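Report on one structure; see the data block that follows.
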Amino acid sequence: MIAELGHFALALAMILALAQSILPLLGAEMRNGRMMATGAPLALGQCLAIATAFGCLMYSYAINDTTVVNVVQNSHSAKPMLYKITGTWGNHEGSLVLWIMILGICGAAVSAFGRELPTALRARVLGVLGLISLGFLAFTIKTSNPFERVWPPALDGQGLNPILQDIGLALHPPLLYLGYVGYAVTFAFAIAALIEGRVDAAWGRWVRPWSLAAWSFLTLGIALGSWWAYYELGWGGYWFWDPVENASLLPWLIGTALLHSAIVVEKREALKTWTILLAIIAFGMSLLGTFLVRSGVLNSVHSFANDPERGLFILGLLMFYLAGAFLLFAFRARAMIPTGVFAPVSREGAIVLNNLLICSITAVVFVGTLWPLFADALFGSKVSVGPPFFNAASFPLVVPLLLAMAAGPLMPWKRAQLMPVVMKLWWVAVIGFAAFFVALLASGQQVLPAVGFAFAAWVVGAAFADIADRTALFRTNLGNAWNRAKGLPRAAWGAAIAHAGIGITAAGIAGMGLAQERLVSLAAGESTTLAGYEWRLDSVRDEVGPNWTARRAYITVLRDGRELRVMTPARRFFPVARMHTTEVAIHTNLMADLYAVIGEEEAATGRAVVRVHYNLLAPWIWIGAAIMALGAALSLADRRVRVSAPNRAAIRAAPTTRPA
């Protein structure tokens, strides 16, 4: 009965989405207030219906209902309750319901908190969101029904993929989807603006909080996925340029450009067409990631499905939404006449330069990710594009991006001069050069990590220089500077903190360029040395878990003969899935990670394969990402970012005719 209720709720949500995609849009076109007013209750009703469906699916997992095919394929009675619940979205069908539910929540948020929006714009935004929901609900019901029954019931389920039974990956999809769906909202605002033929400072202010929230969640989602791969897969790295990793990076890059462009629209009413285009592309990249994960066209450890029918359906949705958006853009872009003008050397000019560099990096990642697919389809050749290509192609673009990123916040709007900016950053450049030479000497003449440390110091120092300039830190006494600091907008603090987070992540990446690794075969009592530490294998023992068995190693780490830590990596076996997983042991002091993995054992000799790593500054990669997200959240907490520009009286007095 619960499954039928969930299926009915999905069908009801689809009917509400159909109404939401027609009535508000038609009402806005006809200037019919009653029809426009239907958007908000329809969005709220759709959100409740999808939440009901998701709750029913979660309940089916919690009770291990083996009459539901999705539960049978992805759960098991012996699985811990935590992973029964999180397993709800650890599969293709459940993750789609989660995606649609988050979209429904965003639509409800627009309807509930968008009362300051002009009525017609709000109706159009809700109508576009309803159209997006309609497509994904149709896809779910037609090809990916999570409530499909099986009879007779299976004795038990087949279990969830063991590598997904981890709290890090359980939280990764919701955060990632919050980012993806956030760009669906900015897309809806862009389409609504194109229909109206008007983009102004108020529109930029309405879009900015959504782009901030989406970017923040996507940053956390990508970082959490990277951290999961680091400690769960046991390979010791943080990023492999996997196709699905790249699919999440693409909307993040475009979203970064969108966030800064929206600021220019808000402040200067410039870059209107560029911002609209970025909003369309950001959502398109989010849909591309959905397609790559579920179509099976590219191989990845992150893929959910390998089903051509599903892939074609999503590809059809992608083409429908993007083709319609670009067609509308072609017809209406001429109406987005910018009213703000600026000199090439200005804050706006720096943002344009940064956006061009970010989009160039996006193009590199996009081509490198999809080229194997195109090469196979067009030429029948099997090619592989891996880290060497991405590193070599993106590095020349990242360097000027980091240089320009530091100068932009120190420039005034409209027109600037380079020399005052140089004078504010000279000491930052000195610190960067000092960091380069110190790192070069300490690393044994390894140039690339030294360059990474130099740029990390440059970016963090520039963020501090921005705050110092705003507070007149070196031009007045500390009391006055402190008072100015307390009066700074949260958005200014947030931007500086987010930029500093990028520098901290860059330092972590540079540190990983100095990582050390050793692979050895050890018997109990034997040891190896790495990075000044002695790693002694004491024993390997059997262990039994709720739905797995394991061989756990006990490795004592010593420094100068003194015991520092006992590390316990394991190799687990899941009988239901008949799969092995690697459980890494990590000890960190936030400056470096001691990292140990145990592999196969030799039955005859009892020797075990052990791999140990010393990863310098590895934690900084994820600490920096968390700081980036914190900076975005702090900016979002600034009331000036969240409050629309015109008041209600101004909205009522606005003309009701649509501009040409």
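Going by the structure tokens order, chains are called A, B, ..., each with residues numbered from 1, while ligands are numbered from 1 in the order shown.
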When you look at Ala262 in chain A with a cut-off of 9 Å (counting only C-alpha atoms), what residues show up, excluding the ones that are within fewer than 4 positions of it in the same chain? I need them as a PDB file with C-alpha atoms, in the first residue's frame.
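Final file, around_34.pdb:
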ATOM      1  CA  ALA A 201      19.747  45.562 -11.426  1.00  0.00           C
ATOM      2  CA  TRP A 203      16.931  40.956 -11.660  1.00  0.00           C
ATOM      3  CA  GLY A 204      20.643  40.620 -10.867  1.00  0.00           C
ATOM      4  CA  ARG A 205      19.886  40.923  -7.162  1.00  0.00           C
ATOM      5  CA  VAL A 207      19.469  35.845  -9.212  1.00  0.00           C
ATOM      6  CA  ARG A 208      22.524  36.419  -7.036  1.00  0.00           C
ATOM      7  CA  SER A 211      23.676  31.429  -7.657  1.00  0.00           C
ATOM      8  CA  ALA A 257      31.466  32.898 -13.749  1.00  0.00           C
ATOM      9  CA  LEU A 258      27.690  33.366 -13.361  1.00  0.00           C
ATOM     10  CA  GLU A 266      23.310  44.227 -10.037  1.00  0.00           C
ATOM     11  CA  LYS A 267      25.939  46.927  -9.550  1.00  0.00           C
ATOM     12  CA  LEU A 271      26.997  42.058 -18.949  1.00  0.00           C
ATOM     13  CA  LYS A 272      23.278  41.286 -19.223  1.00  0.00           C
ATOM     14  CA  THR A 275      24.884  36.612 -17.560  1.00  0.00           C
TER      15      THR A 275
END
Nearest to Leu57 in chain A, restricted to only C-alpha atoms and choosing among A:Asn70, A:Thr471, A:Ser77, A:Ser521, comes out as A:Asn70
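Proximity ranking of A:Asn64, A:Gln20, A:Gln417, A:Thr86 relative to Leu44 in chain A places A:Gln20 first, based on only C-alpha atoms.
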Might you pull out every residue within 7 Å of range 321-337 of chain A, with only C-alpha atoms counted and same-chain residues fewer than 2 positions away left off, and present them as a ChimeraX atom specification?
/A:191,194,197-199,272-273,280,284,317-319,339,660
Hey, what's within 12 Å of range 530-535 of chain A if we count only C-alpha atoms and toss same-chain stuff fewer than 3 positions away? As number ranges by chain, please?
A: 514-520, 522, 524-527, 538, 553-568, 592-597, 610-616
DSSP on the backbone: which residues in range 378-407 of chain A end up as alpha helix (DSSP H)? Give the answer as a PyMOL selection string.
chain A and resi 378-379+387-407
For the residues in that selection, give me N, CA, C and O atoms as a CSV table (one decimal), in the first residue's frame.
chain,number,residue,atom,x,y,z
A,378,LEU,N,32.5,9.0,-34.3
A,378,LEU,CA,32.8,9.6,-35.6
A,378,LEU,C,33.9,8.8,-36.3
A,378,LEU,O,33.8,8.7,-37.6
A,379,PHE,N,34.9,8.3,-35.6
A,379,PHE,CA,36.0,7.7,-36.3
A,379,PHE,C,36.2,6.2,-35.9
A,379,PHE,O,37.1,5.6,-36.5
A,387,PRO,N,44.6,12.5,-16.9
A,387,PRO,CA,45.2,13.6,-16.2
A,387,PRO,C,46.3,14.4,-16.9
A,387,PRO,O,46.4,15.6,-16.8
A,388,PRO,N,47.2,13.7,-17.7
A,388,PRO,CA,48.3,14.5,-18.4
A,388,PRO,C,47.7,15.6,-19.3
A,388,PRO,O,48.2,16.7,-19.3
A,389,PHE,N,46.6,15.3,-20.0
A,389,PHE,CA,46.0,16.2,-20.9
A,389,PHE,C,45.4,17.4,-20.1
A,389,PHE,O,45.6,18.6,-20.4
A,390,PHE,N,44.6,17.0,-19.1
A,390,PHE,CA,43.9,18.1,-18.4
A,390,PHE,C,44.8,19.0,-17.6
A,390,PHE,O,44.7,20.2,-17.6
A,391,ASN,N,45.9,18.4,-17.0
A,391,ASN,CA,46.8,19.2,-16.3
A,391,ASN,C,47.6,20.1,-17.2
A,391,ASN,O,47.8,21.3,-17.0
A,392,ALA,N,48.1,19.6,-18.4
A,392,ALA,CA,48.8,20.4,-19.3
A,392,ALA,C,48.0,21.5,-20.0
A,392,ALA,O,48.5,22.6,-20.2
A,393,ALA,N,46.7,21.2,-20.3
A,393,ALA,CA,45.9,22.1,-21.0
A,393,ALA,C,45.3,23.2,-20.1
A,393,ALA,O,45.1,24.4,-20.5
A,394,SER,N,45.0,22.9,-18.8
A,394,SER,CA,44.4,23.8,-18.0
A,394,SER,C,45.4,24.7,-17.2
A,394,SER,O,45.1,25.9,-16.8
A,395,PHE,N,46.6,24.2,-17.0
A,395,PHE,CA,47.6,25.0,-16.2
A,395,PHE,C,47.9,26.4,-16.8
A,395,PHE,O,47.9,27.4,-16.0
A,396,PRO,N,48.1,26.5,-18.1
A,396,PRO,CA,48.3,27.9,-18.7
A,396,PRO,C,47.2,28.8,-18.5
A,396,PRO,O,47.4,30.0,-18.6
A,397,LEU,N,46.0,28.3,-18.3
A,397,LEU,CA,44.8,29.2,-18.1
A,397,LEU,C,44.6,29.5,-16.6
A,397,LEU,O,44.1,30.6,-16.2
A,398,VAL,N,45.0,28.6,-15.7
A,398,VAL,CA,44.8,28.8,-14.3
A,398,VAL,C,45.7,29.9,-13.8
A,398,VAL,O,45.4,30.7,-12.9
A,399,VAL,N,47.0,29.9,-14.3
A,399,VAL,CA,47.9,30.9,-13.9
A,399,VAL,C,47.4,32.3,-14.0
A,399,VAL,O,47.4,33.1,-13.1
A,400,PRO,N,47.1,32.8,-15.2
A,400,PRO,CA,46.5,34.1,-15.3
A,400,PRO,C,45.2,34.4,-14.6
A,400,PRO,O,45.0,35.5,-14.1
A,401,LEU,N,44.4,33.3,-14.4
A,401,LEU,CA,43.2,33.4,-13.6
A,401,LEU,C,43.5,33.8,-12.2
A,401,LEU,O,42.9,34.7,-11.6
A,402,LEU,N,44.5,33.1,-11.6
A,402,LEU,CA,44.8,33.4,-10.2
A,402,LEU,C,45.5,34.8,-10.1
A,402,LEU,O,45.3,35.5,-9.1
A,403,LEU,N,46.2,35.2,-11.1
A,403,LEU,CA,46.8,36.5,-11.1
A,403,LEU,C,45.7,37.6,-11.1
A,403,LEU,O,45.7,38.6,-10.4
A,404,ALA,N,44.8,37.4,-12.0
A,404,ALA,CA,43.7,38.4,-12.2
A,404,ALA,C,42.7,38.4,-11.1
A,404,ALA,O,42.2,39.5,-10.7
A,405,MET,N,42.5,37.2,-10.4
A,405,MET,CA,41.6,37.1,-9.3
A,405,MET,C,42.0,38.0,-8.2
A,405,MET,O,41.1,38.5,-7.4
A,406,ALA,N,43.3,38.2,-8.0
A,406,ALA,CA,43.7,39.0,-6.9
A,406,ALA,C,43.5,40.5,-7.1
A,406,ALA,O,43.2,41.3,-6.2
A,407,ALA,N,43.6,40.9,-8.4
A,407,ALA,CA,43.6,42.4,-8.7
A,407,ALA,C,42.1,42.9,-8.7
A,407,ALA,O,41.9,44.0,-8.4
Which residues are near Thr67 in chain A? Cut-off 8 Å, only C-alpha atoms, ignore same chain within fewer than 4 positions. Put them as a PyMOL selection string.
chain A and resi 71-72+149-154
